[in-house]
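**Q** Structure supplied as my_file.cif; contents: mmCIF, C-alpha atoms and all ligand atoms.
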```
data_coords
loop_
_atom_site.label_atom_id
_atom_site.label_comp_id
_atom_site.auth_asym_id
_atom_site.auth_seq_id
_atom_site.Cartn_x
_atom_site.Cartn_y
_atom_site.Cartn_z
CA MET A 2 95.01 77.90 93.17
CA ALA A 3 96.99 81.09 93.78
CA HIS A 4 95.34 84.20 92.41
CA LEU A 5 98.51 85.80 91.17
CA THR A 6 101.82 84.11 90.59
CA VAL A 7 104.89 86.22 89.93
CA SER A 8 107.57 83.94 88.59
CA ASP A 9 111.22 84.96 88.36
CA VAL A 10 110.39 88.52 87.26
CA THR A 11 113.22 90.87 86.37
CA LEU A 12 112.63 94.44 85.19
CA SER A 13 115.59 96.41 83.88
CA PHE A 14 115.85 100.06 82.91
CA GLY A 15 119.16 100.17 81.04
CA GLY A 16 121.73 99.10 83.63
CA LEU A 17 119.33 99.48 86.58
CA LYS A 18 117.43 96.42 87.81
CA ALA A 19 114.23 97.72 89.38
CA LEU A 20 113.18 94.09 90.01
CA SER A 21 115.49 91.12 90.18
CA ASN A 22 114.29 87.48 90.00
CA VAL A 23 111.15 88.23 92.00
CA ASP A 24 108.83 85.36 92.97
CA MET A 25 105.52 86.04 94.70
CA ILE A 26 102.36 84.08 95.33
CA ILE A 27 99.23 86.10 96.08
CA GLU A 28 96.62 83.89 97.71
CA PRO A 29 92.91 84.53 97.10
CA GLY A 30 90.90 86.39 99.72
CA LEU A 31 93.91 87.72 101.63
CA ILE A 32 95.52 91.11 102.12
CA THR A 33 99.08 90.84 100.81
CA SER A 34 101.36 93.81 101.37
CA ILE A 35 104.51 94.68 99.48
CA ILE A 36 106.86 96.80 101.55
CA GLY A 37 110.43 98.01 101.35
CA PRO A 38 112.57 101.15 101.51
CA ASN A 39 112.28 103.95 98.93
CA GLY A 40 113.23 102.80 95.45
CA ALA A 41 112.97 99.11 96.42
CA GLY A 42 110.74 98.30 93.42
CA LYS A 43 107.26 98.22 94.97
CA THR A 44 105.52 100.44 92.42
CA SER A 45 107.45 98.72 89.61
CA MET A 46 105.96 95.42 90.81
CA LEU A 47 102.42 96.86 90.71
CA ASN A 48 103.19 98.33 87.28
CA CYS A 49 104.22 94.88 86.01
CA ILE A 50 101.09 93.21 87.43
CA SER A 51 98.78 95.89 86.02
CA GLY A 52 100.34 95.89 82.54
CA PHE A 53 101.96 99.35 82.66
CA TYR A 54 105.43 97.77 82.56
CA HIS A 55 106.35 94.51 80.90
CA PRO A 56 109.01 92.45 82.69
CA THR A 57 112.35 92.05 80.95
CA ARG A 58 112.28 88.42 82.05
CA GLY A 59 109.89 86.10 83.87
CA ASP A 60 106.12 85.75 83.90
CA ILE A 61 103.02 86.77 85.79
CA PHE A 62 99.92 84.58 85.91
CA TYR A 63 96.38 85.38 87.02
CA LYS A 64 95.04 81.95 87.98
CA ASP A 65 96.23 79.96 84.93
CA LYS A 66 96.21 82.90 82.48
CA LYS A 67 99.51 84.48 81.56
CA LEU A 68 99.25 88.27 81.78
CA THR A 69 102.94 89.09 81.36
CA ASN A 70 102.58 91.14 78.19
CA SER A 71 98.97 92.25 78.54
CA SER A 72 97.94 95.91 78.31
CA PRO A 73 96.51 97.74 81.35
CA HIS A 74 93.06 97.54 79.73
CA GLN A 75 93.33 93.77 79.22
CA VAL A 76 94.49 93.31 82.82
CA SER A 77 91.57 95.33 84.21
CA ASN A 78 89.16 93.35 82.03
CA MET A 79 90.54 90.15 83.60
CA GLY A 80 89.37 91.47 86.99
CA ILE A 81 92.48 93.20 88.36
CA ALA A 82 91.85 96.85 89.22
CA ARG A 83 94.29 99.40 90.52
CA ALA A 84 93.98 102.51 92.67
CA PHE A 85 96.83 104.85 91.89
CA GLN A 86 99.28 106.66 94.14
CA ASN A 87 98.81 109.79 92.05
CA LEU A 88 95.09 110.14 91.68
CA GLU A 89 93.69 109.19 88.28
CA LEU A 90 90.53 111.25 88.70
CA PHE A 91 88.98 114.01 86.60
CA SER A 92 89.00 116.97 88.98
CA GLY A 93 86.41 118.92 86.95
CA LEU A 94 83.82 116.12 87.14
CA SER A 95 81.60 115.09 90.04
CA VAL A 96 82.27 111.97 92.11
CA LEU A 97 79.29 110.27 90.45
CA ASP A 98 80.48 111.11 86.92
CA ASN A 99 84.04 109.94 87.67
CA LEU A 100 82.71 106.59 88.84
CA LEU A 101 80.28 106.23 85.92
CA LEU A 102 83.10 107.01 83.50
CA ALA A 103 85.34 104.37 85.07
CA ARG A 104 82.52 101.84 84.95
CA HIS A 105 81.98 102.67 81.27
CA GLN A 106 85.29 100.96 80.47
CA ASN A 107 83.45 97.74 81.20
CA LEU A 108 80.51 98.37 78.89
CA LYS A 109 79.73 95.33 76.82
CA TYR A 110 78.39 97.26 73.83
CA SER A 111 79.94 99.43 71.15
CA PHE A 112 78.70 102.75 69.78
CA LEU A 113 76.91 100.91 66.91
CA HIS A 114 75.26 98.59 69.38
CA ALA A 115 74.06 101.63 71.29
CA ILE A 116 72.30 102.84 68.12
CA PHE A 117 70.87 99.54 66.87
CA PHE A 118 70.22 97.82 70.16
CA TYR A 119 69.02 100.78 72.16
CA GLY A 120 67.06 98.60 74.60
CA LYS A 121 70.05 96.47 75.55
CA ALA A 122 72.36 99.50 75.81
CA SER A 123 69.98 101.35 78.11
CA ARG A 124 69.51 98.25 80.29
CA ILE A 125 73.29 97.92 80.70
CA GLU A 126 73.51 101.64 81.44
CA ALA A 127 70.88 101.25 84.17
CA GLU A 128 72.80 98.31 85.64
CA ASN A 129 76.00 100.37 85.62
CA ARG A 130 74.31 103.22 87.48
CA ALA A 131 72.90 100.81 90.05
CA HIS A 132 76.35 99.25 90.54
CA VAL A 133 78.01 102.66 90.93
CA GLU A 134 75.38 103.63 93.53
CA THR A 135 76.25 100.54 95.60
CA ILE A 136 79.93 101.57 95.55
CA ILE A 137 79.05 105.15 96.61
CA ASP A 138 77.04 103.68 99.45
CA PHE A 139 79.78 101.17 100.42
CA MET A 140 82.53 103.85 100.46
CA GLU A 141 80.23 106.29 102.31
CA LEU A 142 80.60 108.89 99.57
CA GLU A 143 76.91 109.85 99.49
CA PRO A 144 77.51 113.41 100.83
CA TYR A 145 79.93 114.07 97.95
CA ARG A 146 78.22 112.38 95.01
CA LYS A 147 77.51 115.67 93.18
CA SER A 148 80.67 117.49 94.36
CA LEU A 149 83.44 118.22 91.90
CA VAL A 150 86.38 116.00 92.79
CA GLY A 151 88.82 118.94 92.60
CA ASN A 152 86.93 120.66 95.47
CA LEU A 153 87.22 117.71 97.86
CA SER A 154 89.88 117.20 100.56
CA TYR A 155 92.83 114.98 99.64
CA GLY A 156 91.59 112.26 102.01
CA VAL A 157 88.17 112.11 100.34
CA GLN A 158 89.78 112.15 96.87
CA LYS A 159 91.84 109.10 97.88
CA LYS A 160 88.59 107.36 98.86
CA VAL A 161 87.07 108.27 95.48
CA GLU A 162 90.17 106.79 93.80
CA VAL A 163 89.59 103.49 95.64
CA ALA A 164 85.89 103.68 94.70
CA ARG A 165 86.89 104.26 91.06
CA ALA A 166 88.83 100.99 91.08
CA LEU A 167 85.94 99.18 92.79
CA THR A 168 83.47 100.18 90.06
CA LEU A 169 85.16 97.57 87.87
CA ALA A 170 83.95 94.88 90.31
CA PRO A 171 87.45 93.44 90.51
CA ASP A 172 88.59 90.09 91.80
CA ILE A 173 91.91 91.63 92.85
CA LEU A 174 92.45 95.22 93.96
CA LEU A 175 95.94 96.73 93.76
CA LEU A 176 96.35 99.68 96.14
CA ASP A 177 99.41 101.90 95.74
CA GLU A 178 99.99 103.87 98.94
CA PRO A 179 96.32 104.56 99.66
CA MET A 180 97.21 106.28 102.96
CA ALA A 181 100.01 108.56 101.74
CA GLY A 182 99.48 112.19 102.73
CA MET A 183 96.52 111.40 105.01
CA ASN A 184 96.03 112.51 108.60
CA GLN A 185 95.50 109.91 111.35
CA GLU A 186 91.70 110.03 111.18
CA GLU A 187 91.67 109.65 107.39
CA LYS A 188 94.13 106.75 107.67
CA GLU A 189 91.92 104.93 110.17
CA ASP A 190 88.97 105.51 107.86
CA ILE A 191 90.71 104.03 104.80
CA VAL A 192 92.07 101.08 106.83
CA ARG A 193 88.48 100.23 107.77
CA PHE A 194 87.47 100.30 104.11
CA VAL A 195 90.42 98.13 103.01
CA MET A 196 89.40 95.53 105.60
CA ASP A 197 85.74 95.71 104.52
CA ILE A 198 86.76 95.35 100.86
CA GLN A 199 88.52 92.11 101.77
CA LYS A 200 85.91 90.73 104.17
CA GLU A 201 82.55 91.95 102.84
CA LYS A 202 83.33 92.13 99.14
CA GLU A 203 85.71 89.15 99.27
CA ILE A 204 88.22 90.95 97.06
CA THR A 205 91.88 89.95 97.19
CA VAL A 206 93.94 93.00 98.13
CA VAL A 207 97.55 93.75 97.19
CA LEU A 208 98.76 96.74 99.16
CA VAL A 209 101.88 98.88 98.74
CA GLU A 210 102.17 101.03 101.85
CA HIS A 211 104.87 102.84 103.80
CA ASP A 212 102.99 102.95 107.11
CA LEU A 213 104.41 99.81 108.73
CA GLY A 214 102.02 100.00 111.69
CA VAL A 215 99.06 99.70 109.33
CA VAL A 216 100.77 97.00 107.25
CA MET A 217 101.54 94.88 110.33
CA ASP A 218 97.96 95.30 111.60
CA ILE A 219 96.00 94.34 108.53
CA SER A 220 98.17 92.10 106.31
CA ASP A 221 97.80 88.34 106.08
CA GLN A 222 101.10 88.02 104.26
CA ILE A 223 103.92 90.42 103.43
CA TYR A 224 106.66 90.53 100.81
CA VAL A 225 109.66 92.74 101.52
CA LEU A 226 111.64 94.16 98.61
CA ASP A 227 115.05 95.80 98.82
CA PHE A 228 116.98 96.94 95.74
CA GLY A 229 114.52 94.99 93.58
CA GLU A 230 114.97 91.67 95.40
CA VAL A 231 112.65 89.84 97.78
CA ILE A 232 114.57 89.78 101.06
CA GLY A 233 111.79 88.33 103.21
CA SER A 234 108.21 87.09 103.14
CA GLY A 235 105.63 85.57 105.44
CA THR A 236 103.20 86.62 108.13
CA PRO A 237 103.69 90.01 109.82
CA GLU A 238 105.28 88.24 112.81
CA GLU A 239 107.71 86.30 110.60
CA VAL A 240 108.70 89.37 108.62
CA ALA A 241 109.18 91.51 111.75
CA GLN A 242 111.72 89.00 113.07
CA ASN A 243 113.62 88.57 109.80
CA PRO A 244 117.18 89.92 110.32
CA LYS A 245 117.53 90.96 106.63
CA VAL A 246 114.32 92.98 106.86
CA ILE A 247 115.37 94.64 110.12
CA GLU A 248 118.73 95.52 108.58
CA ALA A 249 117.15 97.00 105.42
CA TYR A 250 114.90 99.25 107.48
CA ILE A 251 117.62 100.27 109.94
CA GLY A 252 119.86 101.00 106.95
CA GLU A 253 117.15 103.34 105.65
CA ASP A 254 117.30 105.46 108.81
N1 LIG B 1 110.20 104.28 84.16
C1 LIG B 1 111.37 104.18 84.81
N2 LIG B 1 112.54 104.51 84.20
C2 LIG B 1 113.72 104.40 84.84
N3 LIG B 1 113.84 103.98 86.12
C3 LIG B 1 112.71 103.65 86.78
C4 LIG B 1 111.42 103.73 86.17
N4 LIG B 1 110.48 103.34 87.09
C5 LIG B 1 111.16 103.03 88.20
N5 LIG B 1 112.49 103.22 88.02
C6 LIG B 1 113.55 102.98 89.02
O1 LIG B 1 113.36 101.69 89.54
C7 LIG B 1 113.65 101.68 90.95
C8 LIG B 1 112.44 101.20 91.71
O2 LIG B 1 111.46 102.25 91.66
P1 LIG B 1 110.01 102.07 92.28
O3 LIG B 1 109.25 103.33 92.02
O4 LIG B 1 109.42 100.82 91.81
O5 LIG B 1 110.34 101.95 93.85
P2 LIG B 1 109.35 102.03 95.10
O6 LIG B 1 109.76 100.94 96.02
O7 LIG B 1 107.95 102.06 94.66
O8 LIG B 1 109.78 103.44 95.71
P3 LIG B 1 108.93 104.50 96.59
O9 LIG B 1 108.64 103.84 97.90
O10 LIG B 1 109.90 105.64 96.74
O11 LIG B 1 107.69 104.85 95.82
C9 LIG B 1 114.11 103.08 91.32
O12 LIG B 1 115.51 103.13 91.27
C10 LIG B 1 113.48 103.93 90.21
O13 LIG B 1 114.23 105.10 90.00
#
```
Can you present the structure in this file as structure tokens?
Ligand SMILES: Nc1ncnc2c1ncn2[C@@H]1O[C@H](COP(=O)(O)OP(=O)(O)OP(=O)(O)O)[C@@H](O)[C@H]1O

**A**
Amino acid sequence: MAHLTVSDVTLSFGGLKALSNVDMIIEPGLITSIIGPNGAGKTSMLNCISGFYHPTRGDIFYKDKKLTNSSPHQVSNMGIARAFQNLELFSGLSVLDNLLLARHQNLKYSFLHAIFFYGKASRIEAENRAHVETIIDFMELEPYRKSLVGNLSYGVQKKVEVARALTLAPDILLLDEPMAGMNQEEKEDIVRFVMDIQKEKEITVVLVEHDLGVVMDISDQIYVLDFGEVIGSGTPEEVAQNPKVIEAYIGED
């Protein structure tokens, strides 16, 4: 069964159609990239999947559950986490505290539980800490665990943003331009992590990225948007030979 099914999704802002009759099938365990020129609707698509926007028409399913009108919190509780283009981190907190805070969203006890069932609450808290430590280890953030996020380089902050999303132990990870603003070395570093997230953690990845070299290298399947419409899809080889896709990108230059 497909992990995510986007079915005939249209998103309008007044007279502007940011997405127009979009169909997508995101297969489990793969890296699926969504590409397209500026303003094509890529971030709008991620916003619809993650519950920040609700489509004007059409539906989105996670396995057989409809998530079309779910809130961002409900979507993340279903197992779909998102790393943002503009970092969603608290710059005055340490890396460790940012990750613990993100993980807290998933706590299975309320404030009253914490008072009356202290034992259970502290066990869950210990499990959360242990989980966060595995993510710090996986993302090689150990040297920065006590550093304030605001003092870190942009490249490291982007890694912390990906780690923040991973603390939710997602089934699907949505990455919105994780390499934007990075130098070559930082890009290579994050590419390695994206591939490890797919292979070692067996997380399905949906990637929005402008660096076509990276996209062609690591994607299993690609959807190309232009003016809110899907103009091509398939393997990197198929997409690279699609005349509509070539035209859209040449038109951009
Ligand atoms: N909240 C909003 N209100 C009005 N228009 C919006 C809103 N969000 C997106 N749009 C418009 O929808 C279109 C698609 O925008 P979107 O950000 O999804 O494109 P994109 O492909 O992610 O672009 P980029 O690569 O530049 O980030 C654009 O014309 C944009 O101005």

**Q** Could you give me the residues within 7 Å of ligand LIG 1 (chain B), counting only C-alpha atoms and all ligand atoms, as a PyMOL selection string?

**A** chain A and resi 14+18-19+37-46+229

**Q** Which residues come within 12 Å of Thr11 (chain A), counting all atoms listed in the file, excluding same-chain residues fewer than 5 positions away, as a ChimeraX atom specification?

**A** /A:17-24,42,45-46,49,54-61,69,228-231

**Q** So that I can see what lies close to His4 (chain A), please list as a ChimeraX atom specification the residues with an atom at most 12 Å from it, counting only C-alpha atoms and leaving out residues fewer than 3 positions away in the same chain.

**A** /A:7,25-33,50,61-67,79-81,172-174,204-207

**Q** May I ask for the distance between CA of Lys147 (chain A) and CA of Val96 (chain A), given in Å to one decimal place?

**A**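 According to the coordinates, CA of Lys147 (chain A) and CA of Val96 (chain A) are separated by 6.1 Å.
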
**Q** Kindly provide the residues of region 26-112 of chain A that approach region 154-161 of chain A to within 9 Å, each paired with its closest atom pair and their distance in Å to one decimal, based on only C-alpha atoms, listed by chain and increasing number, as a Markdown table.

**A**
```
| residue | atom | partner | partner_atom | distance |
| --- | --- | --- | --- | --- |
| A:Ala84 | CA | A:Lys159 | CA | 8.7 |
| A:Phe85 | CA | A:Lys159 | CA | 8.9 |
| A:Gln86 | CA | A:Lys159 | CA | 8.7 |
| A:Leu88 | CA | A:Lys159 | CA | 7.1 |
| A:Leu90 | CA | A:Val161 | CA | 8.2 |
| A:Val96 | CA | A:Val161 | CA | 6.9 |
| A:Asn99 | CA | A:Val161 | CA | 8.5 |
| A:Leu100 | CA | A:Val161 | CA | 8.1 |
```

**Q** Would you please work out which residue, of A:Ala170, A:Ile125, A:Leu97, A:Val163, is nearest to Arg146 (chain A) when using only C-alpha atoms?

**A**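 Checking each candidate against Arg146 (chain A), we get A:Leu97 as the closest.
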
**Q** I'd like the interatomic distance between CA of Asp190 (chain A) and CA of Arg130 (chain A), to a tenth of an Å.

**A**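 Atom-to-atom, CA of Asp190 (chain A) to CA of Arg130 (chain A), that is 25.2 Å.
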
**Q** Measure the distance from CA of His211 (chain A) to CA of Leu47 (chain A) in Å and round it to one decimal.

**A**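 Separation between CA of His211 (chain A) and CA of Leu47 (chain A): 14.6 Å.
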
**Q** For Ile137 (chain A), which of A:Ser220, A:Arg124, A:Ala166, A:Pro73 is the closest residue, counting all atoms listed in the file?

**A**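 Going through A:Ser220, A:Arg124, A:Ala166, A:Pro73 one by one, the smallest distance to Ile137 (chain A) is for A:Ala166.
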